[in-house]
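Data first, discussion second: the structure below is written as structure tokens.
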Amino acid sequence: MLETLVPALRAAGTRPAVLHRTRTGAVRTRIRAADLADLAEAYAAALHRRGLAPGDTLGVAVRPGPRALAVMLAAHHLGVRIAVLDPSAGPDVLRARLSLARPTLVLADAAAQAVAGWARPLARRAQLALPPLAALGPVATLGPRLPGCAPRLRPAAGGPPPAADPGPDADAVIVFTSGTTSSPRAVVHSRAGLAAGLRTVAGLVRPQPGSTVLGGTFFVLVPALAAGATVALPARSPEGLAGQLHRLAPADTYLTPPQLRAALAAGARFSGRVWTGSAPAGADLLGRVKQAGAAEAWSVYALTELFPAAAVEETEKAAWTGDGDLVGHPLPGVRAALAPDGELLLTGPGARHRYLGEEPDPRIRTGDRATLTPDGRIALAGRCKDMVLRRAENIYPGLYEPALHLPGVELAVLVGVPDGDGDERLVALVQPRSGTDERRLRSALETPLARMGSARPDAVLFAEVPLAGRSRKPDRGAASRFCAEELAR
């Protein structure tokens, strides 16, 4: 798909490839198909002139969009691997991680350089931070350059060099994930694995030529553009997102659960199919999306190590009566098994090749506890490390949290709060939806709480559930600390 995307874009000519929303709310063409193809080839020529060759690493700190995609296509053409720099990981962790990857060049837009420089105090409030980029390697600016930025990487004329063919097992991309400063973890995907993941997305979603797709990630852009669809980058504000959905009526929409909740709160109406992942998405949230106009609402189970792994539509998820969070059948080629301790193990053609600095291992330890139904569906039972120990009993929050997501509940988590002598109190932190009568909600929660038996929480608190990380998942550590402070009052 990556090898054929540039020719396909060139053949599409002046068809809009990527749309964006202006400050006034109007929808405008960000770049046309042939221009995106030209940009990818011009960046390939520019990187080649900088001396990048197969086996080199290109660090990329660029916001999603046409330039980031063009650079990815250029690096793939040259056989260069990409190291994606995540400003939400923290500067010390990133510096440790990049010491493994050793980028030959770092490409950063003006915003990323501001986060690493003069805007660091402001960015820190948004939990974004980058180390001084020049400490990682030579730096070039992608896109408009502001004062204090590195020199621009200017697209070069004359055409790219012949495509490199380093082989299917060659590294394509490095994505940094879990780990610590002393022991950083970086997921390495091969060219073959990346291609398999893109094919899986294309087979699941089946984007149609001439349709409009709303989403901004690499795994949205490439399959959609390759199929002849136009992609609209999501607006950042909930109100802007609601306006986009109204004006574009996209056939497919990709948003994270926090984006969906914010859009719904802003009165958004949906169309076509809606896809969400990266954080838990219960049947209630998916049902609200369908009530707001979507024909289908899908939850996609995906990991940095394997994207995507499984998917389930709202109708099937709402009918689930078993324990845990149903995430559906493994997608074609993905195989699921359980370790003796109940941890979910996955393999598949789109699985990561290895962790940087480690030997290849086809088996992915997900860190999720799960059960497998007789027909092969996966139901998650919580993170292995999220176990709460109360009165010598092991309690896994993921088994019980879905029952807390009643109408009127925006988000709910179960966390442990230290209670002396190594014991813990189990606390339900419930975030009511805006406008919900909390007295009625507390009364309605009595039914699912009573069915929890020995896992019934010691306390129920109503407050906003803290989120963290790039995917804005519930921050259980912060939730536990908040609950501890509230209970100590």
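Chain lettering (A, B, ...) mirrors the order of the structure tokens, residue numbering begins at 1 for each chain separately, and ligand numbering begins at 1 in order of display.
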
Skip segment 225-235 of chain A itself and residues of its chain fewer than 6 positions away, then list as a PyMOL selection string all residues within 6 Å of it, counting only C-alpha atoms. chain A and resi 5+17-20+209-216+241

Write out as a list of chain:residue names each polymer residue whose atoms come within 6 Å of segment 367-384 of chain A, counting only C-alpha atoms; drop sequence neighbours fewer than 3 positions from it. A:Gly324, A:Asp325, A:Leu326, A:Val327, A:Gly328, A:His329, A:Gly342, A:Glu343, A:Leu344, A:Pro397, A:Gly398, A:Leu399

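The shortest atom-to-atom distance to Ala297 of chain A, with only C-alpha atoms taken into account, belongs to A:Arg273 out of A:His405, A:Arg10, A:Arg273, A:Arg451.
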
Mind checking which residues fall within 12 Å of segment 142-152 of chain A, counting only C-alpha atoms, ignoring those fewer than 4 positions away in the same chain, and posting them as a compact mmCIF listing (two decimals) with C-alpha atoms, in the first residue's frame?
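Everything below was put into result24.txt:
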# COMPACT_ATOMS: atom_id res chain seq x y z
CA LEU A 39 5.65 16.72 -1.69
CA TYR A 43 11.10 15.31 0.68
CA ALA A 46 15.84 16.40 0.14
CA LEU A 47 16.55 13.63 2.67
CA GLY A 59 13.42 11.27 14.27
CA VAL A 60 10.06 12.93 13.62
CA ALA A 61 8.34 15.41 15.93
CA VAL A 62 5.65 16.72 13.60
CA ARG A 63 1.90 17.11 14.11
CA GLY A 65 -1.13 16.04 8.61
CA PRO A 66 0.10 16.16 5.01
CA ARG A 67 3.71 17.05 5.84
CA ALA A 68 4.04 14.26 8.39
CA LEU A 69 2.55 11.76 5.93
CA ALA A 70 4.80 12.99 3.11
CA VAL A 71 7.87 12.50 5.31
CA LEU A 105 18.44 13.63 11.62
CA VAL A 106 15.54 15.01 13.65
CA LEU A 107 12.68 16.69 11.79
CA ALA A 108 10.49 18.94 13.92
CA ASP A 109 7.85 21.52 13.14
CA ALA A 110 7.88 24.93 14.80
CA ALA A 111 5.40 23.81 17.47
CA ALA A 112 7.59 20.88 18.55
CA GLN A 113 10.64 23.12 18.73
CA ALA A 114 8.70 25.59 20.84
CA VAL A 115 7.72 22.78 23.23
CA ALA A 116 11.42 21.89 23.51
CA GLY A 117 12.47 25.53 23.88
CA TRP A 118 10.88 28.86 24.71
CA ALA A 119 7.35 27.48 25.26
CA PRO A 132 16.51 20.05 23.60
CA LEU A 133 16.22 18.47 20.16
CA ALA A 134 19.76 19.38 19.13
CA GLY A 137 21.06 14.84 16.64
CA PRO A 138 21.08 17.38 13.80
CA ALA A 156 14.14 19.40 -3.41

Report as a VMD selection string all protein, DNA and RNA residues lying within 12 Å of segment 423-425 of chain A, evaluated on only C-alpha atoms, omitting residues in the same chain fewer than 5 positions from it. chain A and resid 387 to 395 414 to 418 455 to 460 480 483 to 484 487

Can you tell me which residues surround Arg81 of chain A at a distance of at most 8 Å, considering only C-alpha atoms, apart from same-chain residues fewer than 5 positions away, and format the answer as JSON, numbers by chain? {"A": [54, 55, 56, 57, 58, 75, 76, 171, 172, 173, 174]}

Save out the residues we just selected, all heavy atoms, as a PDB file, in the first residue's frame.
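To be explicit, this is the file written out as out_18.pdb:
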ATOM      1  N   PRO A  54      19.337   3.668   3.522  1.00  0.00           N
ATOM      2  CA  PRO A  54      18.774   2.527   4.240  1.00  0.00           C
ATOM      3  C   PRO A  54      19.553   2.203   5.511  1.00  0.00           C
ATOM      4  O   PRO A  54      20.788   2.178   5.505  1.00  0.00           O
ATOM      5  CB  PRO A  54      18.864   1.398   3.217  1.00  0.00           C
ATOM      6  CG  PRO A  54      18.759   2.086   1.897  1.00  0.00           C
ATOM      7  CD  PRO A  54      19.504   3.379   2.078  1.00  0.00           C
ATOM      8  N   GLY A  55      18.822   1.974   6.584  1.00  0.00           N
ATOM      9  CA  GLY A  55      19.444   1.671   7.866  1.00  0.00           C
ATOM     10  C   GLY A  55      19.546   2.871   8.782  1.00  0.00           C
ATOM     11  O   GLY A  55      19.727   2.710   9.998  1.00  0.00           O
ATOM     12  N   ASP A  56      19.449   4.099   8.233  1.00  0.00           N
ATOM     13  CA  ASP A  56      19.483   5.290   9.074  1.00  0.00           C
ATOM     14  C   ASP A  56      18.137   5.475   9.784  1.00  0.00           C
ATOM     15  O   ASP A  56      17.122   4.914   9.377  1.00  0.00           O
ATOM     16  CB  ASP A  56      19.787   6.533   8.233  1.00  0.00           C
ATOM     17  CG  ASP A  56      21.241   6.587   7.775  1.00  0.00           C
ATOM     18  OD1 ASP A  56      22.082   5.944   8.424  1.00  0.00           O
ATOM     19  OD2 ASP A  56      21.522   7.261   6.768  1.00  0.00           O
ATOM     20  N   THR A  57      18.174   6.297  10.850  1.00  0.00           N
ATOM     21  CA  THR A  57      16.966   6.604  11.611  1.00  0.00           C
ATOM     22  C   THR A  57      16.649   8.081  11.490  1.00  0.00           C
ATOM     23  O   THR A  57      17.528   8.927  11.661  1.00  0.00           O
ATOM     24  CB  THR A  57      17.143   6.233  13.095  1.00  0.00           C
ATOM     25  OG1 THR A  57      17.405   4.834  13.198  1.00  0.00           O
ATOM     26  CG2 THR A  57      15.895   6.571  13.895  1.00  0.00           C
ATOM     27  N   LEU A  58      15.382   8.389  11.202  1.00  0.00           N
ATOM     28  CA  LEU A  58      14.901   9.762  11.106  1.00  0.00           C
ATOM     29  C   LEU A  58      13.941  10.014  12.254  1.00  0.00           C
ATOM     30  O   LEU A  58      12.867   9.412  12.321  1.00  0.00           O
ATOM     31  CB  LEU A  58      14.201   9.982   9.758  1.00  0.00           C
ATOM     32  CG  LEU A  58      13.577  11.359   9.517  1.00  0.00           C
ATOM     33  CD1 LEU A  58      14.660  12.430   9.435  1.00  0.00           C
ATOM     34  CD2 LEU A  58      12.733  11.351   8.250  1.00  0.00           C
ATOM     35  N   ALA A  75      10.557   8.601   3.733  1.00  0.00           N
ATOM     36  CA  ALA A  75      11.466   7.709   4.455  1.00  0.00           C
ATOM     37  C   ALA A  75      11.295   6.273   3.987  1.00  0.00           C
ATOM     38  O   ALA A  75      12.288   5.542   3.816  1.00  0.00           O
ATOM     39  CB  ALA A  75      11.211   7.824   5.956  1.00  0.00           C
ATOM     40  N   HIS A  76      10.054   5.858   3.782  1.00  0.00           N
ATOM     41  CA  HIS A  76       9.808   4.491   3.301  1.00  0.00           C
ATOM     42  C   HIS A  76      10.446   4.276   1.935  1.00  0.00           C
ATOM     43  O   HIS A  76      11.025   3.222   1.671  1.00  0.00           O
ATOM     44  CB  HIS A  76       8.304   4.234   3.235  1.00  0.00           C
ATOM     45  CG  HIS A  76       7.950   2.791   3.051  1.00  0.00           C
ATOM     46  ND1 HIS A  76       7.915   1.901   4.085  1.00  0.00           N
ATOM     47  CD2 HIS A  76       7.631   2.078   1.937  1.00  0.00           C
ATOM     48  CE1 HIS A  76       7.577   0.702   3.631  1.00  0.00           C
ATOM     49  NE2 HIS A  76       7.401   0.792   2.320  1.00  0.00           N
ATOM     50  N   ASP A 171      13.611  -2.557   9.377  1.00  0.00           N
ATOM     51  CA  ASP A 171      12.836  -1.689  10.264  1.00  0.00           C
ATOM     52  C   ASP A 171      12.135  -0.599   9.464  1.00  0.00           C
ATOM     53  O   ASP A 171      12.731   0.025   8.578  1.00  0.00           O
ATOM     54  CB  ASP A 171      13.758  -1.027  11.294  1.00  0.00           C
ATOM     55  CG  ASP A 171      14.367  -2.023  12.260  1.00  0.00           C
ATOM     56  OD1 ASP A 171      13.931  -3.193  12.264  1.00  0.00           O
ATOM     57  OD2 ASP A 171      15.277  -1.623  13.010  1.00  0.00           O
ATOM     58  N   ALA A 172      10.862  -0.347   9.805  1.00  0.00           N
ATOM     59  CA  ALA A 172      10.102   0.728   9.169  1.00  0.00           C
ATOM     60  C   ALA A 172       9.859   1.882  10.134  1.00  0.00           C
ATOM     61  O   ALA A 172      10.019   3.042   9.781  1.00  0.00           O
ATOM     62  CB  ALA A 172       8.765   0.200   8.656  1.00  0.00           C
ATOM     63  N   VAL A 173       9.458   1.562  11.368  1.00  0.00           N
ATOM     64  CA  VAL A 173       9.090   2.623  12.303  1.00  0.00           C
ATOM     65  C   VAL A 173       9.358   2.163  13.731  1.00  0.00           C
ATOM     66  O   VAL A 173       9.221   0.980  14.054  1.00  0.00           O
ATOM     67  CB  VAL A 173       7.604   3.027  12.116  1.00  0.00           C
ATOM     68  CG1 VAL A 173       6.680   1.863  12.447  1.00  0.00           C
ATOM     69  CG2 VAL A 173       7.232   4.245  12.948  1.00  0.00           C
ATOM     70  N   ILE A 174       9.750   3.118  14.557  1.00  0.00           N
ATOM     71  CA  ILE A 174       9.942   2.894  15.990  1.00  0.00           C
ATOM     72  C   ILE A 174       8.934   3.776  16.717  1.00  0.00           C
ATOM     73  O   ILE A 174       8.879   4.985  16.490  1.00  0.00           O
ATOM     74  CB  ILE A 174      11.366   3.271  16.449  1.00  0.00           C
ATOM     75  CG1 ILE A 174      12.422   2.495  15.666  1.00  0.00           C
ATOM     76  CG2 ILE A 174      11.528   3.040  17.943  1.00  0.00           C
ATOM     77  CD1 ILE A 174      13.831   2.994  15.915  1.00  0.00           C
TER      78      ILE A 174
END

Tell me which protein, DNA and RNA residues are within 9 Å of Ala45 of chain A, counting only C-alpha atoms, leaving out same-chain ones fewer than 3 positions away, and put them as a VMD selection string. chain A and resid 40 to 42 48 to 50 74 155 to 161

Atom-to-atom span, atom CA of Gly167 of chain A and atom CA of Pro332 of chain A, Å: 23.7 Å
